[in-house]
file upload-v7.txt (compact mmCIF, C-alpha atoms (C1' of nucleotides))
# COMPACT_ATOMS: atom_id res chain seq x y z
CA MET A 1 0.00 0.00 0.00
CA GLU A 2 2.77 2.32 0.96
CA ILE A 3 4.60 1.66 -2.30
CA ILE A 4 1.50 2.41 -4.34
CA VAL A 5 0.93 5.68 -2.55
CA GLY A 6 4.58 6.57 -2.99
CA ALA A 7 4.47 5.78 -6.71
CA ILE A 8 1.83 8.45 -7.25
CA LEU A 9 3.20 11.03 -4.85
CA THR A 10 6.76 10.93 -6.16
CA GLN A 11 5.80 12.07 -9.66
CA ASN A 12 8.18 14.87 -10.64
CA VAL A 13 9.14 15.53 -7.04
CA SER A 14 12.08 14.52 -4.87
CA TRP A 15 11.49 11.53 -2.65
CA LYS A 16 12.17 13.68 0.41
CA ASN A 17 8.93 15.56 -0.12
CA VAL A 18 7.12 12.25 -0.32
CA GLU A 19 8.50 10.74 2.88
CA LYS A 20 6.84 13.32 5.05
CA SER A 21 3.45 12.69 3.52
CA ILE A 22 3.77 8.94 3.88
CA GLU A 23 4.91 9.22 7.48
CA ARG A 24 2.02 11.49 8.36
CA ILE A 25 -0.49 9.12 6.79
CA LYS A 26 1.00 6.12 8.58
CA ALA A 27 1.23 7.92 11.91
CA SER A 28 -2.46 8.69 11.69
CA GLY A 29 -3.24 5.07 10.88
CA PHE A 30 -4.73 6.01 7.51
CA MET A 31 -2.45 3.93 5.26
CA ASP A 32 -5.34 1.74 4.26
CA MET A 33 -7.26 1.36 1.00
CA ASP A 34 -10.80 2.00 2.23
CA THR A 35 -9.72 4.82 4.50
CA LEU A 36 -7.91 6.64 1.72
CA ILE A 37 -10.69 6.09 -0.82
CA SER A 38 -13.33 7.57 1.44
CA MET A 39 -11.16 10.32 2.87
CA ASP A 40 -12.36 13.87 2.44
CA ASP A 41 -10.44 15.66 -0.29
CA GLU A 42 -9.50 18.58 1.90
CA VAL A 43 -8.06 16.23 4.48
CA LEU A 44 -6.13 14.25 1.89
CA HIS A 45 -4.77 17.49 0.46
CA ASP A 46 -3.34 18.41 3.84
CA PHE A 47 -1.59 15.05 4.13
CA ILE A 48 0.07 15.24 0.72
CA ARG A 49 0.56 18.98 0.27
CA SER A 50 4.32 18.64 0.64
CA THR A 51 4.54 16.57 -2.56
CA GLY A 52 3.25 19.37 -4.76
CA TYR A 53 0.49 19.01 -7.37
CA TYR A 54 -1.57 17.85 -4.43
CA ARG A 55 -4.98 18.33 -6.05
CA GLN A 56 -4.00 16.20 -9.05
CA LYS A 57 -2.31 13.58 -6.93
CA ALA A 58 -5.22 13.24 -4.54
CA GLY A 59 -7.51 12.50 -7.45
CA ARG A 60 -5.06 10.15 -9.12
CA LEU A 61 -4.46 8.19 -5.95
CA LYS A 62 -8.16 7.75 -5.29
CA GLU A 63 -8.83 6.66 -8.87
CA LEU A 64 -6.07 4.08 -8.68
CA LEU A 65 -7.24 2.70 -5.35
CA LYS A 66 -10.82 2.51 -6.56
CA PHE A 67 -9.64 0.65 -9.65
CA ILE A 68 -7.83 -1.87 -7.47
CA LYS A 69 -10.69 -2.34 -5.05
CA GLU A 70 -13.38 -2.74 -7.69
CA ASN A 71 -11.44 -5.05 -9.99
CA TYR A 72 -9.32 -7.13 -7.63
CA GLY A 73 -10.49 -6.52 -4.09
CA ASN A 74 -6.96 -6.17 -2.81
CA ILE A 75 -3.44 -5.44 -4.02
CA GLU A 76 -2.19 -9.04 -3.88
CA ASN A 77 -4.77 -10.27 -6.39
CA MET A 78 -3.54 -7.89 -9.06
CA VAL A 79 -0.59 -10.13 -9.96
CA PHE A 80 -2.87 -12.68 -11.61
CA ASP A 81 -4.01 -10.23 -14.27
CA THR A 82 -1.83 -10.89 -17.31
CA ASN A 83 -2.95 -7.65 -18.90
CA LEU A 84 -2.32 -5.47 -15.89
CA ARG A 85 0.19 -3.04 -17.37
CA GLU A 86 -2.18 -1.91 -20.10
CA LYS A 87 -4.99 -1.48 -17.64
CA LEU A 88 -2.85 0.63 -15.34
CA LEU A 89 -1.77 2.79 -18.27
CA ALA A 90 -5.41 3.36 -19.16
CA ILE A 91 -5.98 5.12 -15.83
CA LYS A 92 -5.60 8.87 -16.04
CA GLY A 93 -2.58 9.95 -14.05
CA ILE A 94 -0.69 6.70 -14.43
CA GLY A 95 2.05 6.83 -17.01
CA LYS A 96 4.72 4.33 -17.88
CA GLU A 97 7.10 4.99 -15.03
CA THR A 98 4.39 4.97 -12.38
CA ALA A 99 2.87 1.80 -13.80
CA ASP A 100 6.21 0.00 -13.91
CA SER A 101 7.07 1.16 -10.38
CA ILE A 102 3.89 -0.43 -9.12
CA LEU A 103 4.43 -3.61 -11.13
CA LEU A 104 8.04 -4.06 -10.00
CA TYR A 105 8.09 -2.78 -6.43
CA ALA A 106 4.55 -3.38 -5.20
CA LEU A 107 3.81 -6.60 -7.07
CA ASP A 108 7.25 -8.11 -7.71
CA LEU A 109 6.61 -8.42 -11.43
CA PRO A 110 9.58 -8.27 -13.83
CA TYR A 111 9.32 -4.78 -15.36
CA PHE A 112 12.23 -2.33 -15.47
CA VAL A 113 11.50 1.21 -14.32
CA VAL A 114 12.97 3.85 -16.64
CA ASP A 115 13.32 7.21 -14.94
CA ALA A 116 15.03 10.54 -15.54
CA TYR A 117 18.25 9.21 -14.02
CA THR A 118 18.25 6.27 -16.39
CA PHE A 119 17.98 8.51 -19.46
CA ARG A 120 20.62 10.89 -18.14
CA ILE A 121 23.14 8.24 -17.18
CA PHE A 122 22.62 6.12 -20.30
CA ARG A 123 23.18 9.20 -22.44
CA ARG A 124 26.15 10.26 -20.40
CA ILE A 125 28.01 7.00 -20.75
CA GLY A 126 27.04 6.49 -24.38
CA ILE A 127 24.63 3.57 -24.07
CA ILE A 128 22.10 5.69 -25.98
CA GLU A 129 22.59 8.67 -28.29
CA GLU A 130 22.33 12.23 -27.08
CA SER A 131 19.50 13.03 -29.47
CA ASN A 132 16.15 12.22 -27.95
CA LYS A 133 15.28 9.43 -30.36
CA VAL A 134 15.42 6.64 -27.81
CA LYS A 135 12.11 6.25 -26.05
CA TYR A 136 10.93 4.82 -22.75
CA GLU A 137 9.90 1.45 -24.14
CA ASP A 138 13.18 1.10 -26.03
CA ILE A 139 15.19 1.32 -22.82
CA ARG A 140 12.82 -0.84 -20.84
CA GLU A 141 13.01 -3.64 -23.38
CA MET A 142 16.76 -3.24 -23.74
CA VAL A 143 17.35 -3.66 -20.02
CA GLU A 144 14.82 -6.45 -19.58
CA LYS A 145 16.45 -8.29 -22.44
CA SER A 146 19.97 -7.77 -21.13
CA LEU A 147 19.35 -8.45 -17.47
CA GLY A 148 16.70 -11.08 -17.89
CA LYS A 149 13.35 -11.01 -16.16
CA ASN A 150 14.72 -11.44 -12.68
CA VAL A 151 12.81 -9.25 -10.27
CA ASN A 152 15.62 -8.72 -7.78
CA ASP A 153 18.11 -7.83 -10.48
CA LEU A 154 15.72 -5.34 -12.05
CA LYS A 155 15.09 -3.74 -8.67
CA GLU A 156 18.73 -3.51 -7.81
CA PHE A 157 19.82 -2.14 -11.17
CA HIS A 158 17.22 0.61 -10.98
CA ALA A 159 18.16 1.36 -7.38
CA LEU A 160 21.82 1.62 -8.32
CA LEU A 161 21.05 4.05 -11.13
CA VAL A 162 19.06 6.22 -8.72
CA ALA A 163 21.85 6.19 -6.16
CA LEU A 164 24.40 7.05 -8.82
CA GLY A 165 22.23 9.77 -10.33
CA LYS A 166 21.57 11.43 -7.02
CA ASP A 167 25.16 11.49 -5.91
CA HIS A 168 27.08 12.23 -9.07
CA CYS A 169 25.23 12.98 -12.25
CA LYS A 170 22.68 15.56 -11.31
CA LYS A 171 24.25 18.83 -12.28
CA VAL A 172 27.92 18.24 -12.86
CA PRO A 173 28.69 17.39 -16.51
CA VAL A 174 31.76 15.37 -15.68
CA CYS A 175 32.38 14.49 -12.07
CA GLU A 176 35.78 13.28 -10.96
CA GLY A 177 34.38 11.39 -8.02
CA CYS A 178 32.01 9.45 -10.23
CA PRO A 179 32.62 5.70 -10.51
CA LEU A 180 31.85 6.04 -14.20
CA TYR A 181 34.41 8.78 -14.75
CA SER A 182 36.78 6.63 -16.76
CA ILE A 183 34.15 5.74 -19.32
CA CYS A 184 32.28 9.02 -19.25
CA GLN A 185 33.45 11.31 -22.02
CA ARG A 186 30.45 13.30 -23.03
CA LYS A 187 28.42 15.98 -21.35
CA ILE A 188 24.70 15.52 -21.05
C1' DA B 1 16.30 34.41 -5.16
C1' DG B 2 15.72 31.44 -8.47
C1' DC B 3 15.89 26.70 -10.20
C1' DC B 4 14.57 22.08 -10.20
C1' DA B 5 12.90 17.49 -8.39
C1' DG B 6 12.86 9.57 -9.70
C1' DG B 7 5.85 12.61 -14.32
C1' DA B 8 1.66 12.87 -16.85
C1' DC B 9 -2.02 15.14 -19.29
C1' DT B 10 -3.70 18.41 -22.74
C1' DG B 11 -4.11 21.10 -26.86
C1' DA B 12 -1.84 22.91 -30.94
C1' DG B 13 0.68 22.40 -35.09
C1' DC C 1 4.11 12.50 -33.12
C1' DT C 2 6.49 16.31 -30.96
C1' DC C 3 6.34 20.23 -27.95
C1' DA C 4 5.24 23.86 -24.74
C1' DG C 5 2.20 24.81 -21.02
C1' DT C 6 0.27 23.27 -16.73
C1' DC C 7 0.12 21.41 -12.16
C1' DA C 8 2.64 23.27 -6.75
C1' DT C 9 5.64 22.46 -2.78
C1' DG C 10 10.18 22.24 -0.53
C1' DG C 11 15.26 22.16 -0.63
C1' DC C 12 19.42 24.07 -1.75
call {"tool": "encode", "arguments": {"input": "upload-v7.txt", "output": "structure tokens"}}
result
Amino acid sequence: MEIIVGAILTQNVSWKNVEKSIERIKASGFMDMDTLISMDDEVLHDFIRSTGYYRQKAGRLKELLKFIKENYGNIENMVFDTNLREKLLAIKGIGKETADSILLYALDLPYFVVDAYTFRIFRRIGIIEESNKVKYEDIREMVEKSLGKNVNDLKEFHALLVALGKDHCKKVPVCEGCPLYSICQRKI
DNA sequence: AGCCAGGACTGAG
DNA sequence: CTCAGTCATGGC
């Protein structure tokens, strides 16, 4: 449940802003599907204000939770739907990254999550071209094909890219402390 | 004091 | 299909 909430709240916002919201919801004992679905909008807004876009995100979160409740009853049952990714993408407010985050981290299904760090780092080290031709699905398939559909590997690879992106590749074109320095020859 | 964060939708061309 | 505009707060 927490992962699903986080997947929506972290859209285009640093994870730090999301932690506070999640902690507040948990501390109040409201990290529960029915509670969140029936929560008054004004109240929900106050819980998630720190994540920005709070009006949009409140609506998106409720829509997602209602979709889960009505179609599966609970989160665990979602894994049996072989067409789940397409159905998630059909929900307004759920794009590819959010859908894959839910599939991989909440449901342990073998989908690679492509985020801004992935694009940046892959461009930086020359895995993809600088021109924006390479699209989300291209990278997802590339990684899933290379790594194999092992859930733990996909999680760890994504986590490593995030850690690397946060520490080294955010603003500095070429960082001397970066583990990839020796193979990194181009600016973003 | 700006600038930007682990996005996604919409409307225009 | 590509692209700018929009949504909004908090950290540095």
call {"tool": "interface_residues", "arguments": {"input": "upload-v7.txt", "of": "chain A", "to": "chain C", "cutoff": "7 Å", "atoms": "only C-alpha atoms (C1' of nucleotides)", "output": "count of residues only"}}
result
6
call {"tool": "closest_residue", "arguments": {"input": "upload-v7.txt", "among": "A:Arg123, A:Lys20, A:Lys96, A:Arg55", "to": "chain B", "atoms": "only C-alpha atoms (C1' of nucleotides)"}}
result
A:Lys96
call {"tool": "atom_distance", "arguments": {"input": "upload-v7.txt", "atom1": "atom CA of A:Leu104", "atom2": "atom CA of A:Tyr54"}}
result
24.6 Å
call {"tool": "atom_distance", "arguments": {"input": "upload-v7.txt", "atom1": "atom CA of A:Ile8", "atom2": "atom CA of A:Phe47"}}
result
13.6 Å
call {"tool": "atom_distance", "arguments": {"input": "upload-v7.txt", "atom1": "atom CA of A:Tyr117", "atom2": "atom CA of A:Val162"}}
result
6.1 Å
call {"tool": "closest_atom_pairs", "arguments": {"input": "upload-v7.txt", "of": "chain B", "to": "chain A", "cutoff": "7 Å", "atoms": "all atoms listed in the file", "output": "tab-separated table"}}
result
residue	atom	partner	partner_atom	distance
B:DA5	C1'	A:Val13	CA	4.4
B:DG6	C1'	A:Asp115	CA	5.8
B:DG7	C1'	A:Gln11	CA	4.7
B:DA8	C1'	A:Gly93	CA	5.9
call {"tool": "residues_around", "arguments": {"input": "upload-v7.txt", "residues": "A:Ile4", "least_positions_apart": "6", "cutoff": "9 Å", "atoms": "all atoms listed in the file", "output": "PyMOL selection string"}}
result
chain A and resi 61+64-65+98+101-102+105-106
call {"tool": "write_last_selection", "arguments": {"input": "upload-v7.txt", "atoms": "C-alpha atoms", "output": "PDB file, in the coordinates of the input"}}
result
ATOM      1  CA  LEU A  61      -4.460   8.190  -5.950  1.00  0.00           C
ATOM      2  CA  LEU A  64      -6.070   4.080  -8.680  1.00  0.00           C
ATOM      3  CA  LEU A  65      -7.240   2.700  -5.350  1.00  0.00           C
ATOM      4  CA  THR A  98       4.390   4.970 -12.380  1.00  0.00           C
ATOM      5  CA  SER A 101       7.070   1.160 -10.380  1.00  0.00           C
ATOM      6  CA  ILE A 102       3.890  -0.430  -9.120  1.00  0.00           C
ATOM      7  CA  TYR A 105       8.090  -2.780  -6.430  1.00  0.00           C
ATOM      8  CA  ALA A 106       4.550  -3.380  -5.200  1.00  0.00           C
TER       9      ALA A 106
END
